[in-house]
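Participant: So here's run_35.txt (compact mmCIF, C-alpha atoms).
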```txt
# COMPACT_ATOMS: atom_id res chain seq x y z
CA MET A 1 -11.30 -22.27 11.50
CA ASN A 2 -14.92 -21.40 10.76
CA MET A 3 -16.38 -21.64 7.27
CA SER A 4 -19.07 -19.07 8.19
CA VAL A 5 -21.81 -21.15 6.63
CA THR A 6 -25.52 -20.46 6.99
CA SER A 7 -26.69 -23.81 5.57
CA VAL A 8 -25.39 -27.39 5.56
CA LEU A 9 -26.49 -30.19 3.20
CA PHE A 10 -25.72 -33.64 4.63
CA ASP A 11 -25.53 -36.95 2.84
CA LEU A 12 -27.36 -39.70 4.76
CA ASP A 13 -25.82 -43.22 4.69
CA GLY A 14 -22.14 -43.13 5.59
CA THR A 15 -22.34 -39.54 6.81
CA LEU A 16 -25.16 -39.17 9.34
CA VAL A 17 -26.20 -42.81 9.64
CA ASP A 18 -24.07 -45.94 9.84
CA PRO A 19 -26.00 -48.64 7.94
CA ALA A 20 -24.19 -51.19 10.14
CA GLY A 21 -23.88 -53.65 7.28
CA SER A 22 -27.60 -53.61 6.54
CA ILE A 23 -27.15 -52.22 3.02
CA THR A 24 -24.33 -54.51 1.92
CA SER A 25 -25.73 -57.66 3.53
CA GLY A 26 -29.18 -56.88 2.09
CA ILE A 27 -27.82 -56.40 -1.43
CA ARG A 28 -25.79 -59.61 -1.22
CA HIS A 29 -28.83 -61.51 0.07
CA ALA A 30 -30.99 -60.19 -2.79
CA LEU A 31 -28.37 -61.05 -5.42
CA VAL A 32 -28.01 -64.64 -4.25
CA ALA A 33 -31.81 -65.01 -3.99
CA ASN A 34 -31.97 -64.14 -7.68
CA GLY A 35 -29.25 -66.52 -8.80
CA VAL A 36 -26.39 -64.00 -8.97
CA THR A 37 -23.03 -65.01 -7.50
CA ASP A 38 -22.22 -63.11 -4.28
CA PRO A 39 -19.52 -60.59 -5.31
CA GLY A 40 -18.29 -60.17 -1.71
CA GLU A 41 -18.43 -57.36 0.83
CA GLU A 42 -15.79 -55.09 -0.69
CA ALA A 43 -17.39 -55.02 -4.13
CA VAL A 44 -20.82 -54.27 -2.65
CA GLU A 45 -19.50 -51.55 -0.30
CA ALA A 46 -18.42 -49.62 -3.40
CA LEU A 47 -22.11 -49.48 -4.44
CA VAL A 48 -23.15 -47.46 -1.39
CA GLY A 49 -23.80 -43.93 -2.62
CA PRO A 50 -25.32 -43.89 -6.11
CA PRO A 51 -28.83 -45.19 -6.91
CA LEU A 52 -29.08 -48.99 -6.84
CA GLN A 53 -30.13 -49.12 -10.50
CA ILE A 54 -26.74 -47.62 -11.36
CA GLY A 55 -24.47 -49.56 -9.02
CA LEU A 56 -26.06 -52.99 -9.48
CA ARG A 57 -25.54 -52.86 -13.24
CA THR A 58 -21.76 -52.91 -12.67
CA LEU A 59 -22.01 -56.45 -11.21
CA ASP A 60 -21.68 -59.61 -13.28
CA GLY A 61 -24.98 -61.47 -13.51
CA VAL A 62 -27.25 -58.45 -13.05
CA THR A 63 -29.40 -57.96 -16.13
CA ASP A 64 -32.42 -55.98 -17.33
CA GLY A 65 -34.41 -59.15 -16.62
CA ASN A 66 -33.55 -59.51 -12.93
CA ILE A 67 -32.55 -56.07 -11.66
CA ASP A 68 -36.05 -54.94 -10.65
CA GLN A 69 -36.64 -58.12 -8.61
CA ILE A 70 -33.21 -57.80 -6.96
CA ILE A 71 -34.05 -54.26 -5.88
CA ALA A 72 -37.53 -55.28 -4.70
CA ASP A 73 -36.05 -58.12 -2.62
CA TYR A 74 -33.40 -55.80 -1.19
CA ARG A 75 -35.93 -53.10 -0.30
CA ALA A 76 -38.23 -55.62 1.41
CA ARG A 77 -35.36 -56.88 3.57
CA TYR A 78 -34.11 -53.34 4.26
CA ALA A 79 -37.57 -52.24 5.39
CA LYS A 80 -37.93 -55.32 7.60
CA VAL A 81 -34.55 -55.31 9.34
CA GLY A 82 -32.14 -52.84 7.73
CA MET A 83 -33.53 -49.51 8.89
CA ALA A 84 -33.78 -50.63 12.49
CA ALA A 85 -30.22 -52.03 12.36
CA SER A 86 -28.83 -48.69 11.18
CA ARG A 87 -27.28 -46.42 13.79
CA VAL A 88 -26.70 -42.67 13.89
CA TYR A 89 -22.95 -42.05 14.13
CA PRO A 90 -21.81 -40.98 17.63
CA GLY A 91 -21.96 -37.20 18.06
CA ILE A 92 -24.14 -36.56 15.01
CA ARG A 93 -27.38 -35.98 16.96
CA GLU A 94 -25.62 -33.44 19.15
CA LEU A 95 -23.99 -31.75 16.14
CA LEU A 96 -27.31 -31.36 14.32
CA LYS A 97 -28.84 -29.88 17.48
CA ALA A 98 -25.91 -27.46 17.86
CA LEU A 99 -26.22 -26.37 14.22
CA ARG A 100 -29.92 -25.66 14.64
CA GLU A 101 -29.27 -23.74 17.86
CA ALA A 102 -26.72 -21.65 15.94
CA GLY A 103 -29.43 -20.74 13.42
CA ILE A 104 -27.90 -22.80 10.61
CA TYR A 105 -30.25 -24.37 8.06
CA VAL A 106 -29.77 -28.17 7.98
CA ALA A 107 -31.00 -30.48 5.22
CA VAL A 108 -30.34 -33.99 3.93
CA THR A 109 -29.42 -34.53 0.28
CA THR A 110 -29.36 -38.25 -0.50
CA ALA A 111 -29.45 -40.43 -3.62
CA LYS A 112 -31.93 -42.69 -1.79
CA PRO A 113 -35.51 -42.53 -3.04
CA GLU A 114 -36.99 -39.71 -0.97
CA PRO A 115 -39.80 -41.75 0.66
CA ILE A 116 -37.28 -44.33 1.90
CA ALA A 117 -34.96 -41.60 3.16
CA ARG A 118 -37.86 -40.04 5.07
CA GLU A 119 -38.76 -43.39 6.61
CA LEU A 120 -35.18 -44.01 7.76
CA ILE A 121 -34.91 -40.49 9.18
CA SER A 122 -38.20 -41.00 11.01
CA LYS A 123 -37.10 -44.36 12.45
CA GLN A 124 -33.87 -42.80 13.67
CA ASN A 125 -35.75 -39.76 15.05
CA LEU A 126 -33.60 -37.27 13.15
CA GLY A 127 -36.52 -35.35 11.66
CA PRO A 128 -36.78 -32.73 14.43
CA SER A 129 -33.15 -31.73 13.75
CA LEU A 130 -33.66 -31.17 10.01
CA ASP A 131 -35.21 -28.36 8.02
CA ALA A 132 -35.72 -30.42 4.86
CA ILE A 133 -35.05 -33.76 3.14
CA PHE A 134 -34.20 -34.15 -0.55
CA GLY A 135 -33.72 -37.44 -2.42
CA ASN A 136 -34.29 -39.07 -5.78
CA ALA A 137 -37.85 -39.23 -7.09
CA SER A 138 -37.65 -42.99 -7.65
CA GLU A 139 -35.44 -46.06 -7.53
CA HIS A 140 -34.34 -45.77 -11.11
CA GLY A 141 -31.76 -43.00 -10.89
CA SER A 142 -32.89 -41.54 -14.21
CA LEU A 143 -30.25 -38.84 -13.82
CA GLY A 144 -27.45 -41.37 -13.31
CA SER A 145 -25.21 -41.45 -10.26
CA SER A 146 -24.98 -37.66 -10.06
CA LYS A 147 -26.45 -35.86 -7.04
CA THR A 148 -26.16 -32.44 -8.70
CA HIS A 149 -29.94 -32.20 -9.21
CA ILE A 150 -30.58 -33.10 -5.55
CA VAL A 151 -28.26 -30.38 -4.22
CA HIS A 152 -29.76 -27.95 -6.75
CA ALA A 153 -33.26 -28.79 -5.50
CA ALA A 154 -32.17 -28.09 -1.91
CA LEU A 155 -30.61 -24.75 -2.84
CA THR A 156 -33.71 -23.71 -4.77
CA ALA A 157 -36.31 -24.85 -2.23
CA GLY A 158 -34.47 -23.31 0.70
CA LYS A 159 -33.47 -20.15 -1.22
CA LEU A 160 -29.94 -20.84 -0.02
CA ASP A 161 -26.85 -18.81 -0.89
CA PRO A 162 -24.34 -21.25 -2.48
CA ALA A 163 -21.46 -19.11 -1.19
CA ARG A 164 -22.63 -19.64 2.42
CA CYS A 165 -23.58 -23.30 2.02
CA VAL A 166 -21.56 -26.51 2.34
CA VAL A 167 -22.16 -30.11 1.26
CA VAL A 168 -21.01 -32.81 3.71
CA GLY A 169 -20.62 -36.38 2.46
CA ASP A 170 -18.52 -39.54 2.32
CA ARG A 171 -18.42 -40.19 -1.46
CA TYR A 172 -17.24 -38.17 -4.45
CA TYR A 173 -20.86 -37.98 -5.69
CA ASP A 174 -21.47 -35.54 -2.82
CA LEU A 175 -18.34 -33.52 -3.49
CA ASP A 176 -19.02 -33.31 -7.24
CA ALA A 177 -22.60 -32.21 -6.61
CA GLY A 178 -21.28 -29.43 -4.41
CA ARG A 179 -18.75 -28.23 -6.97
CA GLU A 180 -21.28 -28.31 -9.81
CA ASN A 181 -23.57 -26.07 -7.75
CA SER A 182 -20.74 -23.71 -6.66
CA VAL A 183 -21.01 -25.03 -3.10
CA ALA A 184 -18.02 -25.90 -0.91
CA SER A 185 -17.63 -29.49 0.28
CA ILE A 186 -16.42 -31.42 3.31
CA GLY A 187 -15.48 -35.08 2.95
CA VAL A 188 -15.93 -37.29 6.02
CA SER A 189 -13.65 -40.32 6.35
CA TRP A 190 -15.92 -42.50 8.52
CA GLY A 191 -18.17 -43.59 5.65
CA PHE A 192 -17.67 -45.55 2.43
CA ALA A 193 -15.03 -43.50 0.60
CA LEU A 194 -12.52 -45.48 -1.41
CA GLU A 195 -8.80 -44.64 -1.18
CA ASN A 196 -8.06 -41.00 -2.12
CA GLU A 197 -11.71 -40.49 -3.10
CA LEU A 198 -12.08 -37.49 -0.79
CA ASP A 199 -9.05 -35.65 -2.17
CA VAL A 200 -11.33 -33.49 -4.34
CA ALA A 201 -13.14 -32.13 -1.24
CA ASP A 202 -12.46 -28.58 -0.12
CA HIS A 203 -11.94 -29.94 3.40
CA GLN A 204 -11.59 -33.41 4.92
CA VAL A 205 -12.44 -34.45 8.49
CA ALA A 206 -11.84 -37.65 10.41
CA THR A 207 -14.08 -36.97 13.42
CA VAL A 208 -17.40 -35.31 14.20
CA GLN A 209 -15.51 -32.89 16.46
CA GLU A 210 -13.35 -31.74 13.51
CA LEU A 211 -16.55 -31.28 11.50
CA ALA A 212 -18.06 -29.23 14.32
CA VAL A 213 -15.06 -26.87 14.32
CA LEU A 214 -15.41 -26.25 10.58
CA LEU A 215 -19.17 -25.68 10.73
CA LEU A 216 -19.52 -23.89 14.06
CA GLY A 217 -16.13 -22.31 14.72
CA GLU A 218 -13.84 -23.22 17.60
CA GLU A 219 -15.77 -21.41 20.35
CA ARG A 220 -19.15 -22.96 19.55
CA ALA A 221 -17.51 -26.31 18.80
CA ALA A 222 -15.94 -26.27 22.28
CA ARG A 223 -19.43 -25.90 23.78
CA PHE A 224 -20.59 -28.72 21.52
CA GLU A 225 -17.72 -30.90 22.77
CA GLY A 226 -18.78 -30.14 26.36
CA GLN A 227 -22.34 -31.22 25.56
CA LEU A 228 -20.98 -34.36 23.93
CA MET A 229 -18.98 -35.28 27.02
CA GLN A 230 -22.03 -34.73 29.24
CA GLU A 231 -24.17 -36.88 26.93
CA GLY A 232 -21.57 -39.63 27.09
CA GLN A 233 -21.65 -39.61 30.87
CA LYS A 234 -25.38 -40.18 31.07
```
Rewrite the coordinates I just gave you, this time as structure tokens.
Facilitator:
Amino acid sequence: MNMSVTSVLFDLDGTLVDPAGSITSGIRHALVANGVTDPGEEAVEALVGPPLQIGLRTLDGVTDGNIDQIIADYRARYAKVGMAASRVYPGIRELLKALREAGIYVAVTTAKPEPIARELISKQNLGPSLDAIFGNASEHGSLGSSKTHIVHAALTAGKLDPARCVVVGDRYYDLDAGRENSVASIGVSWGFALENELDVADHQVATVQELAVLLLGEERAARFEGQLMQEGQK
């Protein structure tokens, strides 16, 4: 199957990049440093996706008085060790390259503050494979947990046809943003989705190879798989 897309909008953490525990451990570290009881890994994993200002407020002990310092402490730790600890998921670099070679427009749409997203993308050397990067203007998530405005900004800036575009992400925020912009969605299961969270996606994939088939078609995806095998042998 080929979706015949001309543009793809990728989420970042949990879709292109595996934070390798750097987000959750950093948040837990910052909470404890500010006198908040550690809520545990599972509770913090559920926060990966929306802006921190939104997710942190769901935790007991986080208040208007300490939230800004918690975020500042988390960001300092993330900049120091978290970005470098993150890893691009296997096959993603090759997929992005194959999409570009096929003439498909590729952008990132993330709830991360845009400057931080750009820094992470630079550290992971993904920039050359992307046409554009869109994120939130600041840490505060003034538009809530929705990513609708981020996908809209990408469509507008790139003059993209929603009918030939697809959003790819691991949380329902991505899928909702696609639907609200009349853009199809693909949910990837290797990220931070909770049980049944991806059921609202137009398509679901469990591997990068399955994603390649949807985005590139079987013939091009077969060439991509060949490249992937060669890369793995190096």
Participant: Compute the distance from (-26.0, -32.9, 2.6) to each atom, counting all atoms listed in the file, keep the residues with any atom at most 8 Å away, and return them as a list in words; use the coordinates of the file.
Facilitator: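 Those residues, ordered by chain and then number, are Val8, Leu9, Phe10, Asp11, Leu12, Ala107, Val108, Thr109, Thr110, Val151, Val166, Val167, Val168, Gly169 and Asp174 of chain A.
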Participant: What is the distance, in Å and to one decimal place, between atom CA of A:Arg100 and atom CA of A:Ser22?
Facilitator: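 For atom CA of A:Arg100 relative to atom CA of A:Ser22, the distance reads 29.2 Å.
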Participant: Please, which residues are within 10 Å of (-30.8, -26.5, 6.4) by the file's coordinates, counting all atoms listed in the file, and could they come as number ranges by chain?
Facilitator: A: 6-10, 96, 99-100, 103-108, 129-133, 154-155, 158, 160, 165
Participant: Counting all atoms listed in the file, which of A:Ala46, A:Ala72, A:His152, A:Pro51 gets nearest to A:Ala30?
Facilitator: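 Answer, going by the shortest atom-to-atom distance: A:Ala72.
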Participant: Taking all atoms listed in the file into account, which of A:Thr24, A:Gln124, A:Gln204, A:Thr156 comes nearest A:Tyr78?
Facilitator: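 Once distances to A:Tyr78 are computed over all atoms listed in the file, the minimum belongs to A:Thr24.
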Participant: Calculated over only C-alpha atoms, which of the candidates A:Glu45, A:Glu210, A:Asp13, A:Glu197 has the smallest distance to A:Arg28?
Facilitator: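 Selected residue with least distance to A:Arg28: A:Glu45.
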Participant: Kindly give the distance, in Å, that separates atom CA of A:Arg75 and atom CA of A:Trp190, rounded to a single decimal.
Facilitator: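 Interatomic distance here is 24.3 Å.
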Participant: Could you check how far atom CA of A:Gln209 sits from atom CA of A:Asp176, in Å to one decimal?
Facilitator: 24.0 Å
Participant: Near A:Glu195, counting only C-alpha atoms, which residues have an atom at most 12 Å away, once you skip same-chain residues fewer than 3 positions from it, shown as a ChimeraX atom specification?
Facilitator: /A:46,170-172,189,191-192,198-200
Participant: Of the residues A:Ile67, A:Arg93, A:Glu119, A:Ser185, which is the one nearest to A:Leu215, using all atoms listed in the file?
Facilitator: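 The shortest atom-to-atom distance to A:Leu215 comes from A:Ser185.
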Participant: Considering only C-alpha atoms, state which residue in the set A:Ile27, A:Ala102, A:Ala84, A:Ile70 is at the smallest distance from A:Val48.
Facilitator: A:Ile27
Participant: Counting only C-alpha atoms, which residue out of A:Leu175, A:Leu52, A:Ala163, A:Met83 sits closest to A:Asp18?
Facilitator: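 Checking each candidate against A:Asp18, we get A:Met83 as the closest.
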Participant: Taking 2 positions as the minimum chain separation for residues in the same chain, which residues sit within 8 Å of stretch 36-40 of chain A when counting only C-alpha atoms? Answer as a ChimeraX atom specification.
Facilitator: /A:28,31-34,42-44,59-62
Participant: List as a list of chain:residue names the protein and nucleic acid residues near A:Ala111, meaning an atom at most 9 Å away when only C-alpha atoms are counted, but skip any in the same chain fewer than 2 places from it.
Facilitator: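 The neighbour list is A:Asp11, A:Leu12, A:Gly49, A:Pro50, A:Pro51, A:Thr109, A:Pro113, A:Glu114, A:Ala117, A:Phe134, A:Gly135, A:Asn136, A:Gly141, A:Ser145, A:Ser146, A:Lys147, A:Ile150.
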